[in-house]
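A.B. asks: You'll find coords13.cif just under this line, and it carries mmCIF, C-alpha atoms.
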data_upload
#
loop_
_atom_site.label_atom_id
_atom_site.label_comp_id
_atom_site.auth_asym_id
_atom_site.auth_seq_id
_atom_site.Cartn_x
_atom_site.Cartn_y
_atom_site.Cartn_z
CA MET R 1 205.63 48.38 -18.86
CA THR R 2 202.15 48.16 -17.43
CA VAL R 3 201.31 45.43 -19.89
CA VAL R 4 204.22 43.37 -18.61
CA GLU R 5 203.22 43.97 -15.02
CA ARG R 6 199.64 42.90 -15.50
CA ARG R 7 200.34 39.61 -17.23
CA GLU R 8 199.52 36.50 -15.22
CA ILE R 9 202.68 35.12 -13.65
CA ALA R 10 203.58 31.59 -14.72
CA LEU R 11 203.79 29.16 -11.82
CA VAL R 12 207.29 28.00 -12.81
CA ASP R 13 208.65 31.53 -12.75
CA LEU R 14 207.08 32.05 -9.37
CA LEU R 15 208.48 28.79 -7.98
CA ASP R 16 211.97 29.62 -9.30
CA ARG R 17 211.82 32.57 -6.95
CA LEU R 18 209.83 31.30 -4.00
CA LEU R 19 211.61 27.96 -3.70
CA ALA R 20 215.11 28.95 -4.77
CA GLY R 21 215.12 32.64 -3.77
CA GLY R 22 214.26 34.54 -0.64
CA VAL R 23 216.20 34.60 2.60
CA VAL R 24 216.61 31.14 4.06
CA ILE R 25 216.07 31.21 7.79
CA LYS R 26 217.42 28.21 9.55
CA GLY R 27 219.07 27.37 12.82
CA ASP R 28 217.51 27.98 16.15
CA ILE R 29 213.86 28.23 15.11
CA THR R 30 210.85 26.13 15.86
CA LEU R 31 210.46 24.44 12.51
CA ARG R 32 213.49 23.58 10.50
CA ILE R 33 212.32 23.97 6.96
CA ALA R 34 215.79 24.22 5.55
CA ASP R 35 216.55 25.03 1.95
CA VAL R 36 217.46 21.43 1.28
CA ASP R 37 213.93 20.25 1.89
CA LEU R 38 212.41 22.84 -0.34
CA VAL R 39 214.84 22.56 -3.18
CA ARG R 40 214.42 18.81 -3.20
CA ILE R 41 210.75 19.03 -4.09
CA ASP R 42 211.33 21.38 -6.98
CA LEU R 43 210.88 19.50 -10.18
CA ASN R 44 210.55 15.76 -9.89
CA ALA R 45 207.75 15.70 -7.39
CA LEU R 46 205.94 18.44 -9.25
CA ILE R 47 206.23 16.83 -12.62
CA SER R 48 204.84 13.60 -11.29
CA SER R 49 201.91 15.44 -9.79
CA VAL R 50 201.41 17.28 -13.08
CA ASN R 51 201.30 13.92 -14.80
CA GLU R 52 198.71 12.55 -12.46
CA GLN R 53 196.46 15.55 -12.11
CA VAL R 54 196.38 17.41 -15.37
CA PRO R 55 197.59 15.26 -18.22
CA SER R 56 195.61 17.09 -20.89
CA PRO R 57 197.28 20.45 -21.60
CA TRP R 58 200.84 19.22 -22.06
CA GLY R 59 200.04 15.56 -22.66
CA GLU R 60 201.94 15.29 -25.88
CA LEU R 61 205.08 16.72 -24.32
CA LEU R 62 205.34 14.21 -21.54
CA MET I 1 192.84 31.82 15.04
CA SER I 2 196.01 31.10 16.97
CA GLY I 3 198.18 28.65 15.06
CA LEU I 4 201.66 29.19 13.68
CA ARG I 5 203.25 32.30 12.20
CA TYR I 6 204.07 32.45 8.52
CA VAL I 7 206.61 35.16 7.70
CA TYR I 8 206.60 36.68 4.20
CA ALA I 9 209.22 39.36 4.38
CA VAL I 10 211.30 41.66 6.52
CA CYS I 11 211.12 45.41 5.85
CA ARG I 12 212.15 48.70 7.28
CA PRO I 13 209.23 50.56 8.90
CA PHE I 14 206.96 52.19 6.33
CA GLY I 15 204.21 54.72 6.90
CA ALA I 16 201.43 53.30 4.76
CA PRO I 17 199.04 50.60 6.00
CA LEU I 18 198.69 47.33 4.07
CA GLN I 19 195.62 47.03 1.84
CA ALA I 20 192.68 46.22 4.08
CA GLN I 21 191.36 43.37 1.94
CA LEU I 22 194.75 41.68 1.53
CA LYS I 23 194.71 37.98 2.44
CA GLY I 24 197.67 35.81 3.35
CA VAL I 25 198.42 32.17 2.57
CA ALA I 26 195.68 30.63 4.70
CA GLY I 27 193.22 33.49 4.22
CA ASP I 28 194.34 35.36 7.31
CA PRO I 29 195.25 39.03 6.68
CA PRO I 30 198.96 39.75 7.12
CA ARG I 31 200.01 42.12 9.88
CA MET I 32 203.21 43.90 10.81
CA LEU I 33 205.27 42.72 13.73
CA SER I 34 207.71 45.43 14.69
CA HIS I 35 210.89 44.65 16.61
CA HIS I 36 214.28 46.38 16.94
CA GLY I 37 213.40 48.86 14.20
CA LEU I 38 212.57 46.15 11.68
CA ILE I 39 209.21 44.80 10.58
CA ALA I 40 208.30 41.19 9.94
CA VAL I 41 205.17 40.77 7.82
CA VAL I 42 203.35 37.86 9.38
CA SER I 43 200.06 35.98 9.19
CA HIS I 44 198.59 33.11 11.18
CA VAL I 45 198.51 29.67 9.59
CA PRO I 46 196.95 26.45 10.91
CA GLU I 47 199.13 23.68 12.33
CA ARG I 48 197.25 21.08 10.33
CA ASP I 49 198.91 22.38 7.15
CA PHE I 50 202.03 24.16 8.33
CA ALA I 51 203.53 22.09 11.13
CA GLU I 52 206.67 20.35 9.92
CA GLU I 53 205.16 16.98 9.08
CA PRO I 54 202.03 18.09 7.16
CA LEU I 55 203.97 20.86 5.46
CA ARG I 56 206.34 18.34 3.91
CA ARG I 57 203.39 16.52 2.39
CA ARG I 58 201.56 19.67 1.37
CA LEU I 59 204.56 21.00 -0.51
CA GLU I 60 204.31 18.04 -2.86
CA ASP I 61 200.67 18.73 -3.65
CA LEU I 62 200.71 20.92 -6.74
CA ASP I 63 197.31 22.54 -6.19
CA TRP I 64 198.17 23.47 -2.63
CA LEU I 65 201.60 24.67 -3.63
CA THR I 66 200.13 26.83 -6.41
CA GLU I 67 197.59 28.44 -4.13
CA THR I 68 200.16 29.05 -1.40
CA ALA I 69 202.75 30.43 -3.82
CA ARG I 70 200.22 32.84 -5.35
CA ALA I 71 199.06 34.03 -1.94
CA HIS I 72 202.65 34.53 -0.82
CA GLN I 73 203.36 36.47 -4.00
CA SER I 74 200.30 38.69 -3.58
CA VAL I 75 201.49 39.77 -0.13
CA ILE I 76 204.98 40.51 -1.45
CA ASP I 77 203.41 42.41 -4.35
CA ALA I 78 201.36 44.54 -1.99
CA LEU I 79 204.51 45.28 0.01
CA THR I 80 206.46 46.40 -3.06
CA VAL I 81 203.89 49.15 -3.56
CA VAL I 82 204.80 50.75 -0.24
CA THR I 83 208.40 49.67 0.43
CA THR I 84 211.29 47.44 -0.71
CA PRO I 85 210.62 44.12 1.04
CA LEU I 86 213.25 41.51 1.73
CA PRO I 87 211.34 38.34 0.79
CA LEU I 88 211.87 35.18 2.83
CA ARG I 89 211.93 31.69 1.37
CA MET I 90 208.43 30.31 0.91
CA ALA I 91 206.98 28.49 3.95
CA THR I 92 209.12 30.07 6.64
CA VAL I 93 207.09 29.25 9.73
CA PHE I 94 207.48 29.96 13.44
CA ARG I 95 205.69 28.65 16.49
CA ASP I 96 204.66 32.10 17.79
CA ASP I 97 205.38 35.83 17.68
CA SER I 98 208.27 35.57 20.09
CA GLY I 99 209.98 33.08 17.75
CA VAL I 100 209.71 35.70 15.01
CA ARG I 101 211.16 38.37 17.30
CA VAL I 102 214.11 36.19 18.24
CA MET I 103 214.77 35.58 14.55
CA LEU I 104 214.66 39.33 13.81
CA GLU I 105 217.11 39.96 16.62
CA ASP I 106 219.49 37.20 15.57
CA ARG I 107 219.67 38.29 11.96
CA GLU I 108 219.25 42.02 12.51
CA GLU I 109 222.56 43.17 11.05
CA GLU I 110 222.36 40.91 8.05
CA PHE I 111 218.79 42.08 7.32
CA ARG I 112 219.83 45.73 7.50
CA ARG I 113 222.75 45.11 5.18
CA ILE I 114 220.65 43.34 2.55
CA LEU I 115 217.79 45.84 2.85
CA ASP I 116 220.29 48.64 2.15
CA ARG I 117 221.58 46.82 -0.90
CA LEU I 118 218.09 46.15 -2.27
CA GLN I 119 216.55 49.53 -1.47
CA GLY I 120 214.70 50.81 -4.56
CA ARG I 121 215.76 47.79 -6.66
CA VAL I 122 213.62 45.31 -8.55
CA GLU I 123 214.35 42.03 -10.23
CA TRP I 124 213.76 41.27 -13.92
CA GLY I 125 213.65 37.73 -15.23
CA VAL I 126 215.00 36.96 -18.70
CA LYS I 127 214.63 33.59 -20.40
CA VAL I 128 215.99 32.47 -23.75
CA TYR I 129 214.55 29.51 -25.67
CA ALA I 130 215.70 27.60 -28.71
CA GLU I 131 212.65 26.75 -30.76
CA THR I 132 212.82 23.05 -31.38
CA GLU I 133 212.57 21.67 -34.89
CA PRO I 134 208.86 21.56 -35.75
CA GLN I 135 209.53 22.95 -39.25
CA GLN I 136 211.63 19.96 -40.16
CA SER I 137 209.37 17.22 -38.91
CA GLU I 138 206.35 18.90 -40.49
CA ALA I 139 208.15 19.72 -43.72
CA ALA I 140 208.79 16.17 -44.82
CA PRO I 141 206.40 13.78 -43.14
CA ALA I 142 205.52 11.93 -46.32
CA ALA I 143 208.91 11.09 -47.76
CA LYS I 144 209.85 7.77 -46.20
CA PRO I 145 213.51 6.84 -46.08
CA VAL I 146 214.30 4.55 -48.98
CA SER I 147 217.07 2.64 -47.25
CA GLY I 148 218.77 2.17 -43.92
CA ARG I 149 221.62 4.37 -45.07
CA ASP I 150 219.20 7.05 -46.18
CA TYR I 151 217.48 6.91 -42.81
CA LEU I 152 220.77 7.31 -40.96
CA ARG I 153 221.81 10.20 -43.20
CA ARG I 154 218.58 12.07 -42.52
CA ARG I 155 218.80 11.38 -38.86
CA ARG I 156 222.34 12.76 -38.80
CA MET I 157 221.24 15.88 -40.65
CA ARG I 158 218.44 16.46 -38.22
CA LEU I 159 220.77 16.05 -35.27
CA HIS I 160 223.20 18.52 -36.83
CA ALA I 161 220.44 21.02 -37.46
CA ASN I 162 219.43 20.77 -33.82
CA GLU I 163 222.97 21.14 -32.64
CA ASP I 164 223.48 24.23 -34.80
CA MET I 165 220.29 25.70 -33.40
CA TRP I 166 221.39 25.10 -29.82
CA GLN I 167 224.84 26.50 -30.46
CA ARG I 168 223.38 29.63 -32.03
CA THR I 169 220.97 30.01 -29.15
CA GLU I 170 223.68 29.50 -26.59
CA ALA I 171 225.93 32.05 -28.28
CA PHE I 172 223.04 34.52 -28.26
CA ALA I 173 222.24 33.75 -24.61
CA ASN I 174 225.87 34.37 -23.64
CA ARG I 175 225.90 37.65 -25.45
CA LEU I 176 222.59 38.76 -23.97
CA HIS I 177 223.67 37.75 -20.48
CA SER I 178 226.97 39.61 -20.65
CA THR I 179 225.21 42.73 -21.96
CA LEU I 180 222.52 42.60 -19.27
CA SER I 181 224.83 41.72 -16.38
CA ALA I 182 227.11 44.63 -17.34
CA TYR I 183 224.08 46.92 -17.08
CA ALA I 184 222.46 45.37 -14.00
CA GLU I 185 223.84 45.70 -10.48
CA ASP I 186 223.82 41.95 -9.99
CA SER I 187 222.60 38.78 -11.67
CA ARG I 188 221.68 35.21 -10.76
CA MET I 189 221.26 32.12 -12.87
CA HIS I 190 218.28 29.87 -12.25
CA ALA I 191 218.21 26.31 -13.54
CA PRO I 192 216.70 26.03 -17.04
CA GLN I 193 212.99 25.29 -16.81
CA ASN I 194 211.57 21.91 -17.63
CA PRO I 195 209.05 22.14 -20.50
CA ALA I 196 206.85 19.52 -18.85
CA LEU I 197 206.34 21.93 -15.98
CA SER I 198 206.32 25.25 -17.83
CA GLY I 199 204.15 24.00 -20.69
CA VAL I 200 206.22 26.24 -22.95
CA ALA I 201 207.63 25.18 -26.31
CA GLY I 202 211.32 25.11 -27.05
CA ARG I 203 214.39 24.40 -24.98
CA ASN I 204 215.10 26.84 -22.17
CA VAL I 205 218.77 27.83 -22.55
CA LEU I 206 218.99 30.84 -20.24
CA ASN I 207 216.93 31.49 -17.12
CA ALA I 208 218.45 34.49 -15.38
CA ALA I 209 217.48 37.24 -12.95
CA TYR I 210 218.88 40.77 -12.95
CA LEU I 211 218.84 43.34 -10.16
CA VAL I 212 218.04 46.80 -11.49
CA PRO I 213 217.15 50.13 -9.82
CA ARG I 214 213.40 50.49 -10.26
CA GLN I 215 213.75 53.76 -12.18
CA ASP I 216 216.07 52.10 -14.71
CA SER I 217 213.55 49.37 -15.53
CA GLU I 218 212.43 50.89 -18.78
CA GLU I 219 215.98 51.21 -20.00
CA PHE I 220 216.70 47.61 -19.03
CA VAL I 221 213.69 46.37 -20.99
CA GLU I 222 214.82 48.40 -24.00
CA LEU I 223 218.29 46.90 -23.72
CA VAL I 224 216.79 43.40 -23.93
CA ASP I 225 214.79 44.40 -27.00
CA ARG I 226 217.73 46.08 -28.68
CA THR I 227 220.09 43.13 -28.18
CA LYS I 228 217.39 40.85 -29.54
CA ASP I 229 216.86 43.02 -32.62
CA GLU I 230 220.57 43.49 -33.33
CA THR I 231 221.12 39.75 -33.35
CA GLU I 232 217.95 39.15 -35.37
CA ALA I 233 217.17 36.53 -32.78
CA ASP I 234 213.58 36.14 -33.98
CA SER I 235 214.57 35.03 -37.44
CA LEU I 236 217.06 32.53 -35.97
CA GLY I 237 214.29 30.76 -34.08
CA ILE I 238 215.40 32.17 -30.73
CA ARG I 239 212.74 33.37 -28.31
CA VAL I 240 213.29 35.79 -25.45
CA GLU I 241 210.87 36.15 -22.55
CA LEU I 242 210.89 38.88 -19.96
CA THR I 243 209.15 38.73 -16.56
CA GLY I 244 208.95 41.38 -13.89
CA PRO I 245 209.35 43.62 -12.16
CA TRP I 246 209.67 41.21 -9.23
CA ALA I 247 210.60 41.90 -5.64
CA ALA I 248 214.28 40.99 -5.39
CA TYR I 249 213.67 37.32 -4.50
CA SER I 250 216.77 36.04 -6.27
CA PHE I 251 219.02 38.54 -4.52
CA ALA I 252 217.81 38.12 -0.97
CA GLY I 253 220.87 36.12 0.09
CA GLU I 254 224.19 37.72 0.96
CA GLU I 255 226.39 38.69 -1.96
CA ALA I 256 228.56 35.86 -3.19
#
Translate the structure of the given file into structure tokens.

C.D. replies:
Amino acid sequence: MTVVERREIALVDLLDRLLAGGVVIKGDITLRIADVDLVRIDLNALISSVNEQVPSPWGELL
Amino acid sequence: MSGLRYVYAVCRPFGAPLQAQLKGVAGDPPRMLSHHGLIAVVSHVPERDFAEEPLRRRLEDLDWLTETARAHQSVIDALTVVTTPLPLRMATVFRDDSGVRVMLEDREEEFRRILDRLQGRVEWGVKVYAETEPQQSEAAPAAKPVSGRDYLRRRRMRLHANEDMWQRTEAFANRLHSTLSAYAEDSRMHAPQNPALSGVAGRNVLNAAYLVPRQDSEEFVELVDRTKDETEADSLGIRVELTGPWAAYSFAGEEA
């Protein structure tokens, strides 16, 4: 178990949880960062920034 | 630093202090804001990154997003050592402490209900991949198709082989999921991951999260291994990946 726990967490697994999980607080608060805004950025925007910034590691896949 | 308030999680009061060297998303150490018998774990963040307008832009900057996500996770991780946190969606930001208090008050009952349900539970992530056909394309690179018909025949065969592979993988994923969800207290499906983003080979067929009492974790992991072995998934070109234990991010909403 400890081996599993110590392994570096992949960013995608983390984003699955941080951007799609967690309690969504909306309504009468100062900043309305609703789930819609966050879910919208999930893949397309990220993939395009992956393309621009770090083409090398997964270049052949893209 | 004044700035805005970034909220990581809501918890019930716990005795232990947070690790002294723990840093939050903008480098500011998280602190506990106690209100109505609940605790919000909060740190200060600068308006230049976290006000609504800049935040929108920042969230599309992969480096910034990575750093922020990892910092958020490290605070949640530290909390799971001392309590069962109820994680909030990334980038939940308030103008000031009193905004956080109002939020705690407004959602008090819901928070208590979910905290009760999650108490002592962790989340395990399970992903299933179909290995895509490298054997075939590597096996016969030299033999050129001799005719158009020959080319079409080979292409059809390759498509069939892929389809068989996906069907086998999907059948396995269904079986694994029904076994695991019968064991777990709850489960959630995430969208399959895009290989361009994960950098992982193969097609992601299942991307699920399971809610399990922390003390049953070992048994859950064994169940994954056993189901994999019984199906001889490895020899079929099916890969299973396990992540966790996570704080119960995927189960922080109300039950469906």

A.B. asks: For Arg214 (chain I), please output as a list of chain:residue names all residues within 8 Å (counting only C-alpha atoms; exclusion window: fewer than 3 positions along the same chain).

C.D. replies: I:Gly120, I:Arg121, I:Val122, I:Ser217

A.B. asks: Please enumerate the residues selected by the PyMOL selection byres ((chain I and resi 158-170) around 9) when evaluated against the supplied file, formatted as a PDB file with C-alpha atoms, in the coordinates of the input.

C.D. replies:
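Output file selection_35.pdb follows:
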ATOM      1  CA  VAL I 128     215.990  32.470 -23.750  1.00  0.00           C
ATOM      2  CA  TYR I 129     214.550  29.510 -25.670  1.00  0.00           C
ATOM      3  CA  ALA I 130     215.700  27.600 -28.710  1.00  0.00           C
ATOM      4  CA  GLU I 131     212.650  26.750 -30.760  1.00  0.00           C
ATOM      5  CA  THR I 132     212.820  23.050 -31.380  1.00  0.00           C
ATOM      6  CA  GLU I 133     212.570  21.670 -34.890  1.00  0.00           C
ATOM      7  CA  GLN I 136     211.630  19.960 -40.160  1.00  0.00           C
ATOM      8  CA  ARG I 153     221.810  10.200 -43.200  1.00  0.00           C
ATOM      9  CA  ARG I 154     218.580  12.070 -42.520  1.00  0.00           C
ATOM     10  CA  ARG I 155     218.800  11.380 -38.860  1.00  0.00           C
ATOM     11  CA  ARG I 156     222.340  12.760 -38.800  1.00  0.00           C
ATOM     12  CA  MET I 157     221.240  15.880 -40.650  1.00  0.00           C
ATOM     13  CA  ALA I 171     225.930  32.050 -28.280  1.00  0.00           C
ATOM     14  CA  PHE I 172     223.040  34.520 -28.260  1.00  0.00           C
ATOM     15  CA  ALA I 173     222.240  33.750 -24.610  1.00  0.00           C
ATOM     16  CA  ASN I 174     225.870  34.370 -23.640  1.00  0.00           C
ATOM     17  CA  ARG I 175     225.900  37.650 -25.450  1.00  0.00           C
ATOM     18  CA  ARG I 203     214.390  24.400 -24.980  1.00  0.00           C
ATOM     19  CA  VAL I 205     218.770  27.830 -22.550  1.00  0.00           C
ATOM     20  CA  LEU I 206     218.990  30.840 -20.240  1.00  0.00           C
ATOM     21  CA  ALA I 233     217.170  36.530 -32.780  1.00  0.00           C
ATOM     22  CA  LEU I 236     217.060  32.530 -35.970  1.00  0.00           C
ATOM     23  CA  GLY I 237     214.290  30.760 -34.080  1.00  0.00           C
ATOM     24  CA  ILE I 238     215.400  32.170 -30.730  1.00  0.00           C
ATOM     25  CA  ARG I 239     212.740  33.370 -28.310  1.00  0.00           C
TER      26      ARG I 239
END

A.B. asks: Just how far from CA of Val12 (chain R) is CA of Val82 (chain I), in Å to one decimal?

C.D. replies: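 Interatomic distance, CA of Val82 (chain I) to CA of Val12 (chain R): 26.1 Å.
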
A.B. asks: Can you list, as a PyMOL selection string, the residues that the PyMOL selection byres ((chain I) within 7 of (chain R)) selects here?

C.D. replies: chain I and resi 52+60+62+66+87-90+92-95+99+190+196-199+244-245+249-250+252-253

A.B. asks: Hey, what comes out of the PyMOL selection byres ((chain I and resi 73) around 10) on this file? Could you write it as a PyMOL selection string?

C.D. replies: (chain R and resi 9+14+17-18) or (chain I and resi 8+24-25+67-72+74-79+87+90+246-247)

A.B. asks: What does the file look like for those residues with C-alpha atoms, as a PDB file, keeping the file's coordinate frame?

C.D. replies:
ATOM      1  CA  ILE R   9     202.680  35.120 -13.650  1.00  0.00           C
ATOM      2  CA  LEU R  14     207.080  32.050  -9.370  1.00  0.00           C
ATOM      3  CA  ARG R  17     211.820  32.570  -6.950  1.00  0.00           C
ATOM      4  CA  LEU R  18     209.830  31.300  -4.000  1.00  0.00           C
TER       5      LEU R  18
ATOM      6  CA  TYR I   8     206.600  36.680   4.200  1.00  0.00           C
ATOM      7  CA  GLY I  24     197.670  35.810   3.350  1.00  0.00           C
ATOM      8  CA  VAL I  25     198.420  32.170   2.570  1.00  0.00           C
ATOM      9  CA  GLU I  67     197.590  28.440  -4.130  1.00  0.00           C
ATOM     10  CA  THR I  68     200.160  29.050  -1.400  1.00  0.00           C
ATOM     11  CA  ALA I  69     202.750  30.430  -3.820  1.00  0.00           C
ATOM     12  CA  ARG I  70     200.220  32.840  -5.350  1.00  0.00           C
ATOM     13  CA  ALA I  71     199.060  34.030  -1.940  1.00  0.00           C
ATOM     14  CA  HIS I  72     202.650  34.530  -0.820  1.00  0.00           C
ATOM     15  CA  SER I  74     200.300  38.690  -3.580  1.00  0.00           C
ATOM     16  CA  VAL I  75     201.490  39.770  -0.130  1.00  0.00           C
ATOM     17  CA  ILE I  76     204.980  40.510  -1.450  1.00  0.00           C
ATOM     18  CA  ASP I  77     203.410  42.410  -4.350  1.00  0.00           C
ATOM     19  CA  ALA I  78     201.360  44.540  -1.990  1.00  0.00           C
ATOM     20  CA  LEU I  79     204.510  45.280   0.010  1.00  0.00           C
ATOM     21  CA  PRO I  87     211.340  38.340   0.790  1.00  0.00           C
ATOM     22  CA  MET I  90     208.430  30.310   0.910  1.00  0.00           C
ATOM     23  CA  TRP I 246     209.670  41.210  -9.230  1.00  0.00           C
ATOM     24  CA  ALA I 247     210.600  41.900  -5.640  1.00  0.00           C
TER      25      ALA I 247
END

A.B. asks: At what distance in Å, to one decimal, does CA of Glu241 (chain I) lie from CA of Asp225 (chain I)?

C.D. replies: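 Separating CA of Asp225 (chain I) from CA of Glu241 (chain I) is a distance of 10.2 Å.
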
A.B. asks: Which is closest to Cys11 (chain I) among I:Met32, I:Val126, I:Ala208, I:Val240, if we use all atoms listed in the file?

C.D. replies: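 Of the candidates, the smallest distance to Cys11 (chain I) is held by I:Met32.
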
A.B. asks: Suppose you want the space between CA of Ala20 (chain I) and CA of Ser43 (chain I); what is it in Å?

C.D. replies: 13.6 Å
